[in-house]
Each structure stands twice: as C-alpha cells, then as structure tokens.
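Trainee: Mind having a look at this structure? Questions to follow.
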Amino acid sequence: ASQAHQFSYSVSALDNGDGSGVGDSQLNYRYQALTEGPGRPAFSPRASLIMPTGDAFRLRGSGSPGLQVNLPFSKQTGDWYWHWNGGFTWLPKAEALAPDPADDRRVNLFSPSLAGSGIYRLRQMFNVMVEGVLLFNELSGDFNEVTPDGSTTRVTSFTLSPGARGGWNIGDQQLILGVAVPVTWVEGSAKTGAFVYLS
C-alpha cells in the first residue's frame, strides 16, 4: 500500500526425499516504523500468519496455523551495512511426530531466533558479507527419534555464512547474483552447504 505498510505472501515448494509438494504458506505484514537517519537505524517489524498448507506427515509442514514475528534493524556506516534481527515462530497446534500416523496428537512449539550480518561494499556493484543465525528450535519428539508421549525437545543451531554478491544494471532492470558457503553447527556436529541466489 505504501512504504510504511506492505503486504506480501510466501509459498514454498519442497522436495525432502519423500516426494515433492507444497509446504506451509505465509501471509506477511511489514510496517516501516523507522527510516534510517543520523544516529538512527531503520526498523521494520514484520508479522506473518502461517497457514498449514503442507503435508505434516510427509514433513513438508507443521499441520498448525501459527504466527511468526521478526524485529529487524538496519544501519549504514560508510561502506558497511549492518543488520540485526530477533523474533520467534509459534505453532500452537503442531502435528506431533507419532509412531502411528493415525495418532493425531498436537504439541505447542515456540522457537526463538537471533540473526545478524555485516556487508561491505567493496565496489559499487560488488559486496562481500558474512551472516549469522542462531536458532532455538523446539521440535516434536526427540532430536533423533519419535517419542510416543508427544513430548518436545529444543535444539540449538548456529549458522555462519560468508559470501559475496554482484550486480549488473541492464537498462532499467538490475540482475543480482549471490553465492555463500553456510556452515551449520548443531548437536556437536557441523555441516557445510552451498547457497546460490539470483534476482
């Protein structure tokens, strides 16, 4: 509607090894509470309604409507751009992972998160960056197995992702290509991946 009031939606398509299909969807509202100025960061909180459009038994959704809230801040200092974000995801009636799929049990899952990034403008259209995300995921069941009593456990993970992005102006359009190498630590083990972004 304006820079201050923005609405959007998110629809996911997932392939998790058990077939592909639609995941959970989101309706988002973002409010530009502060624009950046001298000594003042930009602040644009977002609230998202989570809709259970994915198949929970095939691990493509939670089976529960939910709420996600994020409180992001951004600030530029010279050629550096800084971003901070804190929030949570709440799924009050998530489908419990039970040994028997016919056993319809629900659990209340609340997962906070923290994130931050630093981006350096090396050239006009080329940035190097590092991003970090700390998640406190509450899961149905144990970390490695399903529990029959519908209990939950909290798993802490940290992802550090160094990367770079470049851009090209093509007429009145702009092409952006980004690459990163995220490393995630969880339960004492580390996994390395690759991330490619095209816009």
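Numbering starts fresh at 1 for the residues of each chain in the structure tokens, the chains themselves are lettered A, B, ... in the order given, and ligands are numbered from 1 as they appear.
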If we count only C-alpha atoms, what is near stretch 180-197 of chain A at a cut-off of 8 Å, once residues fewer than 3 positions away on the same chain are taken out, given as a ChimeraX atom specification?

Mentor: /A:155-164,176-177

Trainee: So that I can check the secondary structure, give me every residue of stretch 73-181 of chain A assigned strand (DSSP E) by backbone DSSP, as a ChimeraX atom specification.

Mentor: /A:73-77,80-95,106-123,126-140,152-170,173-180

Trainee: Keeping only C-alpha atoms, take the residues you just selected and write them out as a tab-separated table (two decimals), in the first residue's frame.

Mentor:
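Contents of selection_16.tsv, as written:
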```
chain	number	residue	atom	x	y	z
A	73	PHE	CA	17.13	-3.20	12.36
A	74	SER	CA	19.50	-1.90	9.66
A	75	LYS	CA	22.19	0.79	9.66
A	76	GLN	CA	24.81	2.02	7.20
A	77	THR	CA	28.19	3.34	8.37
A	80	TRP	CA	29.47	-1.05	5.84
A	81	TYR	CA	25.85	-2.17	6.15
A	82	TRP	CA	24.73	-3.77	9.42
A	83	HIS	CA	21.58	-5.82	10.02
A	84	TRP	CA	20.16	-7.32	13.23
A	85	ASN	CA	17.04	-9.40	13.65
A	86	GLY	CA	15.27	-11.11	16.53
A	87	GLY	CA	11.98	-12.93	16.59
A	88	PHE	CA	10.08	-16.16	17.06
A	89	THR	CA	7.89	-18.73	15.34
A	90	TRP	CA	4.89	-20.05	17.26
A	91	LEU	CA	2.92	-23.15	16.21
A	92	PRO	CA	0.30	-23.77	18.92
A	93	LYS	CA	-1.15	-27.00	17.48
A	94	ALA	CA	1.67	-28.61	15.54
A	95	GLU	CA	1.23	-32.22	14.48
A	106	ARG	CA	-0.84	-31.86	18.89
A	107	VAL	CA	2.03	-30.01	20.54
A	108	ASN	CA	2.74	-26.34	21.24
A	109	LEU	CA	6.04	-25.30	19.62
A	110	PHE	CA	7.76	-21.97	20.30
A	111	SER	CA	11.09	-21.28	18.57
A	112	PRO	CA	13.02	-18.00	19.13
A	113	SER	CA	15.75	-16.83	16.75
A	114	LEU	CA	18.52	-14.22	16.51
A	115	ALA	CA	20.41	-13.11	13.40
A	116	GLY	CA	22.89	-10.52	12.22
A	117	SER	CA	25.00	-9.65	9.21
A	118	GLY	CA	27.75	-7.32	8.08
A	119	ILE	CA	28.01	-6.34	4.41
A	120	TYR	CA	30.95	-4.43	2.95
A	121	ARG	CA	30.69	-2.54	-0.34
A	122	LEU	CA	34.00	-3.42	-1.97
A	123	ARG	CA	32.93	-1.86	-5.27
A	126	PHE	CA	30.04	-5.87	-5.52
A	127	ASN	CA	29.61	-6.75	-1.84
A	128	VAL	CA	31.33	-9.22	0.48
A	129	MET	CA	29.32	-10.33	3.50
A	130	VAL	CA	29.05	-12.58	6.50
A	131	GLU	CA	25.76	-13.62	8.09
A	132	GLY	CA	25.00	-15.49	11.30
A	133	VAL	CA	21.77	-17.12	12.52
A	134	LEU	CA	21.15	-18.61	15.97
A	135	LEU	CA	18.04	-20.80	16.22
A	136	PHE	CA	16.42	-22.32	19.29
A	137	ASN	CA	14.11	-24.76	17.51
A	138	GLU	CA	11.50	-26.58	19.56
A	139	LEU	CA	10.75	-29.89	17.87
A	140	SER	CA	8.12	-32.57	18.28
A	152	THR	CA	9.13	-31.89	22.66
A	153	THR	CA	12.81	-31.02	22.74
A	154	ARG	CA	14.75	-27.84	21.97
A	155	VAL	CA	17.67	-27.96	19.56
A	156	THR	CA	20.09	-25.03	19.30
A	157	SER	CA	21.84	-24.46	15.99
A	158	PHE	CA	24.19	-21.78	14.72
A	159	THR	CA	24.87	-21.00	11.05
A	160	LEU	CA	27.74	-18.82	9.86
A	161	SER	CA	27.58	-17.93	6.17
A	162	PRO	CA	30.34	-15.97	4.40
A	163	GLY	CA	29.52	-14.94	0.86
A	164	ALA	CA	29.54	-12.33	-1.89
A	165	ARG	CA	27.10	-10.78	-4.33
A	166	GLY	CA	27.43	-8.78	-7.52
A	167	GLY	CA	25.04	-6.82	-9.67
A	168	TRP	CA	24.64	-5.53	-13.21
A	169	ASN	CA	22.39	-2.78	-14.48
A	170	ILE	CA	20.60	-3.83	-17.66
A	173	GLN	CA	16.44	-3.55	-14.70
A	174	GLN	CA	19.04	-4.96	-12.33
A	175	LEU	CA	20.45	-8.51	-12.16
A	176	ILE	CA	21.84	-9.70	-8.80
A	177	LEU	CA	23.85	-12.91	-8.28
A	178	GLY	CA	24.88	-14.04	-4.81
A	179	VAL	CA	26.83	-17.05	-3.51
A	180	ALA	CA	27.61	-18.18	0.03
```

Trainee: Could you produce a table of the residues of stretch 60-172 of chain A lying within 10 Å of stretch 8-32 of chain A, with the nearest pair of atoms per residue and their separation in Å rounded to one decimal, using only C-alpha atoms, ordered by chain and increasing residue number, as a Markdown table?

Mentor:
```
| residue | atom | partner | partner_atom | distance |
| --- | --- | --- | --- | --- |
| A:Arg60 | CA | A:Gly23 | CA | 5.0 |
| A:Gly61 | CA | A:Asp24 | CA | 5.2 |
| A:Ser62 | CA | A:Asp24 | CA | 7.4 |
| A:Gly63 | CA | A:Asp24 | CA | 8.4 |
| A:Ser64 | CA | A:Asp24 | CA | 9.2 |
| A:Pro65 | CA | A:Asp24 | CA | 9.0 |
| A:Gly66 | CA | A:Gln26 | CA | 9.2 |
| A:Leu67 | CA | A:Gln26 | CA | 9.0 |
| A:Gln68 | CA | A:Gln26 | CA | 9.0 |
| A:Val69 | CA | A:Asn28 | CA | 9.6 |
| A:Asn70 | CA | A:Arg30 | CA | 9.4 |
| A:Leu71 | CA | A:Arg30 | CA | 10.0 |
```

Trainee: In Å to one decimal, how far is atom CA of A:Phe43 from atom CA of A:Pro72?

Mentor: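 Computing the Euclidean distance for atom CA of A:Pro72 and atom CA of A:Phe43 yields 5.9 Å.
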